[in-house]
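What follows is the content of work_30.csv (CSV, C-alpha atoms).
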chain,number,residue,atom,x,y,z
A,1,MET,CA,47.9,-129.6,58.7
A,2,ASN,CA,50.7,-131.8,57.3
A,3,SER,CA,53.2,-129.8,59.3
A,4,SER,CA,51.4,-130.4,62.5
A,5,ARG,CA,51.4,-134.2,62.1
A,6,PHE,CA,55.1,-134.1,61.3
A,7,ARG,CA,55.8,-132.2,64.5
A,8,GLN,CA,53.7,-134.7,66.5
A,9,ARG,CA,55.6,-137.6,65.1
A,10,LEU,CA,59.0,-135.9,65.6
A,11,ALA,CA,58.0,-135.2,69.2
A,12,GLY,CA,56.8,-138.7,69.7
A,13,THR,CA,60.0,-140.2,68.3
A,14,ALA,CA,62.1,-137.9,70.5
A,15,ALA,CA,60.2,-139.0,73.6
A,16,VAL,CA,60.6,-142.7,72.7
A,17,THR,CA,64.4,-142.1,72.2
A,18,VAL,CA,64.7,-140.5,75.6
A,19,LEU,CA,62.8,-143.2,77.3
A,20,VAL,CA,64.8,-146.0,75.7
A,21,GLY,CA,68.0,-144.2,76.7
A,22,ALA,CA,66.8,-143.9,80.3
A,23,GLY,CA,65.9,-147.6,80.3
A,24,VAL,CA,69.4,-148.6,79.1
A,25,LEU,CA,71.0,-146.5,81.9
A,26,ALA,CA,68.6,-147.9,84.5
A,27,ALA,CA,69.4,-151.5,83.4
A,28,ALA,CA,73.2,-151.0,83.5
A,29,PRO,CA,74.9,-152.8,86.4
A,30,SER,CA,75.4,-150.7,89.4
A,31,ALA,CA,78.9,-151.9,89.8
A,32,VAL,CA,80.0,-149.7,87.0
A,33,ALA,CA,79.3,-146.6,89.1
A,34,LYS,CA,81.7,-147.8,91.9
A,35,ALA,CA,84.8,-148.4,89.8
A,36,ASN,CA,88.1,-146.7,90.6
A,37,LEU,CA,87.3,-146.1,94.3
A,38,LEU,CA,89.6,-146.2,97.2
A,39,ALA,CA,89.2,-146.4,101.0
A,40,ILE,CA,91.8,-146.6,103.7
A,41,ASP,CA,90.9,-149.3,106.2
A,42,LYS,CA,93.9,-149.5,108.6
A,43,VAL,CA,97.3,-147.9,109.1
A,44,ALA,CA,100.0,-149.6,111.2
A,45,LEU,CA,103.6,-149.3,112.1
A,46,GLN,CA,105.6,-151.9,110.1
A,47,ALA,CA,109.2,-151.2,111.3
A,48,PRO,CA,111.0,-149.5,109.8
A,49,GLY,CA,108.1,-148.1,107.7
A,50,VAL,CA,104.3,-148.0,107.7
A,51,GLN,CA,101.7,-150.4,106.3
A,52,VAL,CA,98.3,-149.4,105.0
A,53,LYS,CA,95.3,-151.7,104.3
A,54,VAL,CA,93.2,-150.4,101.4
A,55,THR,CA,89.9,-151.4,99.9
A,56,TYR,CA,89.8,-150.7,96.1
A,57,SER,CA,87.8,-151.2,93.0
A,58,CYS,CA,88.9,-150.5,89.4
A,59,ASP,CA,87.8,-150.8,85.8
A,60,PRO,CA,88.8,-153.9,83.9
A,61,GLY,CA,91.8,-153.2,81.6
A,62,MET,CA,92.9,-150.3,83.8
A,63,ASN,CA,96.6,-149.7,83.4
A,64,HIS,CA,97.3,-147.8,86.7
A,65,GLN,CA,99.2,-148.3,89.9
A,66,LEU,CA,98.0,-148.0,93.4
A,67,VAL,CA,100.3,-145.7,95.3
A,68,ALA,CA,100.6,-145.0,99.1
A,69,ASN,CA,102.6,-142.2,100.8
A,70,ALA,CA,103.1,-141.5,104.5
A,71,THR,CA,104.4,-138.3,106.1
A,72,ASN,CA,105.4,-138.2,109.7
A,73,GLN,CA,103.6,-135.2,111.3
A,74,THR,CA,105.4,-135.6,114.6
A,75,GLY,CA,108.4,-133.2,115.0
A,76,HIS,CA,110.0,-131.4,112.2
A,77,ASP,CA,112.2,-134.0,110.6
A,78,GLY,CA,109.8,-134.5,107.5
A,79,SER,CA,110.1,-138.3,107.5
A,80,VAL,CA,108.4,-139.8,104.5
A,81,ALA,CA,107.7,-143.4,103.2
A,82,ALA,CA,106.2,-144.7,99.9
A,83,GLY,CA,104.9,-147.9,98.5
A,84,THR,CA,103.3,-149.1,95.2
A,85,LEU,CA,101.1,-151.9,93.9
A,86,LYS,CA,101.8,-152.4,90.3
A,87,THR,CA,99.1,-153.0,87.7
A,88,ASP,CA,99.6,-156.7,87.6
A,89,LYS,CA,99.0,-157.0,91.4
A,90,LEU,CA,95.5,-155.3,91.2
A,91,THR,CA,92.3,-157.2,90.4
A,92,CYS,CA,90.3,-154.9,88.3
A,93,ASP,CA,86.7,-156.3,87.8
A,94,TYR,CA,84.5,-153.5,89.2
A,95,ASN,CA,84.3,-155.5,92.5
A,96,SER,CA,85.8,-154.4,95.9
A,97,HIS,CA,89.1,-156.0,96.9
A,98,THR,CA,91.6,-155.4,99.7
A,99,ALA,CA,95.3,-155.0,99.6
A,100,GLN,CA,98.2,-154.2,101.9
A,101,ILE,CA,100.9,-151.8,100.9
A,102,THR,CA,104.1,-151.6,102.9
A,103,MET,CA,105.7,-148.2,102.6
A,104,ARG,CA,109.4,-148.1,102.8
A,105,PRO,CA,110.9,-145.0,104.5
A,106,ALA,CA,113.2,-142.7,102.5
A,107,VAL,CA,116.9,-142.6,103.6
A,108,GLY,CA,117.1,-140.8,106.9
A,109,SER,CA,113.4,-141.1,107.6
A,110,SER,CA,112.0,-142.9,110.6
A,111,PHE,CA,108.6,-143.9,112.1
A,112,GLY,CA,107.9,-145.0,115.6
A,113,LYS,CA,105.1,-145.9,118.0
A,114,GLY,CA,103.1,-142.8,118.9
A,115,ASP,CA,104.0,-140.8,115.8
A,116,LYS,CA,101.2,-138.9,114.1
A,117,VAL,CA,101.3,-139.9,110.4
A,118,LYS,CA,99.4,-138.6,107.4
A,119,VAL,CA,98.7,-141.3,104.8
A,120,ALA,CA,97.5,-140.8,101.3
A,121,VAL,CA,96.5,-143.4,98.7
A,122,PHE,CA,95.7,-142.8,95.0
A,123,TYR,CA,95.8,-144.3,91.5
A,124,PHE,CA,98.6,-143.2,89.3
A,125,ASP,CA,98.3,-143.6,85.5
A,126,GLU,CA,100.9,-144.1,82.8
A,127,GLU,CA,100.7,-140.4,81.8
A,128,GLY,CA,101.5,-139.1,85.3
A,129,PHE,CA,98.0,-138.2,86.5
A,130,SER,CA,96.7,-139.2,89.9
A,131,TYR,CA,93.1,-139.6,91.0
A,132,ALA,CA,90.7,-141.1,93.6
A,133,ARG,CA,93.0,-139.7,96.3
A,134,GLN,CA,92.1,-140.6,99.9
A,135,GLU,CA,93.9,-139.3,103.0
A,136,THR,CA,93.8,-139.9,106.7
A,137,VAL,CA,95.9,-138.9,109.8
A,138,VAL,CA,96.5,-141.6,112.4
A,139,VAL,CA,98.7,-142.1,115.5
A,140,LEU,CA,100.8,-145.2,115.2

Kindly present the structure from the file in structure tokens form.
Amino acid sequence: MNSSRFRQRLAGTAAVTVLVGAGVLAAAPSAVAKANLLAIDKVALQAPGVQVKVTYSCDPGMNHQLVANATNQTGHDGSVAAGTLKTDKLTCDYNSHTAQITMRPAVGSSFGKGDKVKVAVFYFDEEGFSYARQETVVVL
């Protein structure tokens, strides 16, 4: 009989613990769930390179860079451009912010009106990992 009461109390304690944990998760701010996101808003020709407007959100204290790459899909010349927003230029507070990244073309690369361009943006951390990658293909 004693064993049965002990089991009931243990089951009751476990149920309370689960409910309290679920309550804590439900009460957590929803902004936490949207941190470290990226969205490409607009891509434009910014002679001699390409410019991308990005909406981003990131965790406070994050020590990552926001990187953008462009590859010319028109022809076979393989023109590329790249740009970076350093950590100190990002506002990381879980909220959404916009930024413009101007990508400079590599030596010998060119972009012009009417070119089909693939643009990728992503976070790059101090250990060399990238994440939250977003891509789009546009005609300049």

Set the distance at 6 Å and use only C-alpha atoms: which residues neighbour Ala68 (chain A) once local chain neighbours fewer than 4 positions away are removed? I'd like the list as a count of residues only. 4

Length of the CA of Ile101 (chain A) to CA of Leu85 (chain A) vector [Å]: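 Computing the Euclidean distance for CA of Ile101 (chain A) and CA of Leu85 (chain A) yields 7.0 Å.
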
May I ask which of the residues A:Asp77, A:Asp88, A:Asp115, A:Asp125 is the closest one to Asn36 (chain A), counting all atoms listed in the file?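 Comparing A:Asp77, A:Asp88, A:Asp115, A:Asp125 against Asn36 (chain A), the winner is A:Asp125.
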
Point-to-point distance from CA of Tyr123 (chain A) to CA of Gly61 (chain A), Å rounded to tenths: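 Value for the CA of Tyr123 (chain A)-CA of Gly61 (chain A) distance: 13.9 Å.
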
Between CA of Asn95 (chain A) and CA of Gly128 (chain A), distance in Å (one decimal):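 We find that CA of Asn95 (chain A) and CA of Gly128 (chain A) lie 24.8 Å from each other.
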
May I ask which of the residues A:Thr74, A:Gln65, A:Ser109, A:Ser57 is the closest one to Lys89 (chain A), counting only C-alpha atoms? A:Gln65

From the list A:Phe122, A:Lys86, A:Val80, A:Arg133, which residue is nearest Gly108 (chain A) when using all atoms listed in the file? A:Val80

Would you mind telling me which residue in A:Asn69, A:Ser96, A:Thr91, A:Thr84 lies nearest to Thr55 (chain A) when using all atoms listed in the file?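 Once distances to Thr55 (chain A) are computed over all atoms listed in the file, the minimum belongs to A:Ser96.
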
Looking at A:Val139, A:Ala70, A:Val54, A:Ala132, which one is nearest to Ser110 (chain A), with distances taken over all atoms listed in the file?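 Distance minimum relative to Ser110 (chain A) lands on A:Ala70.
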
Tell me which of A:Cys92, A:Met103, A:Cys58, A:Val119 sits closest to Leu38 (chain A), counting only C-alpha atoms.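 Under the stated criterion, the closest residue is A:Cys58.
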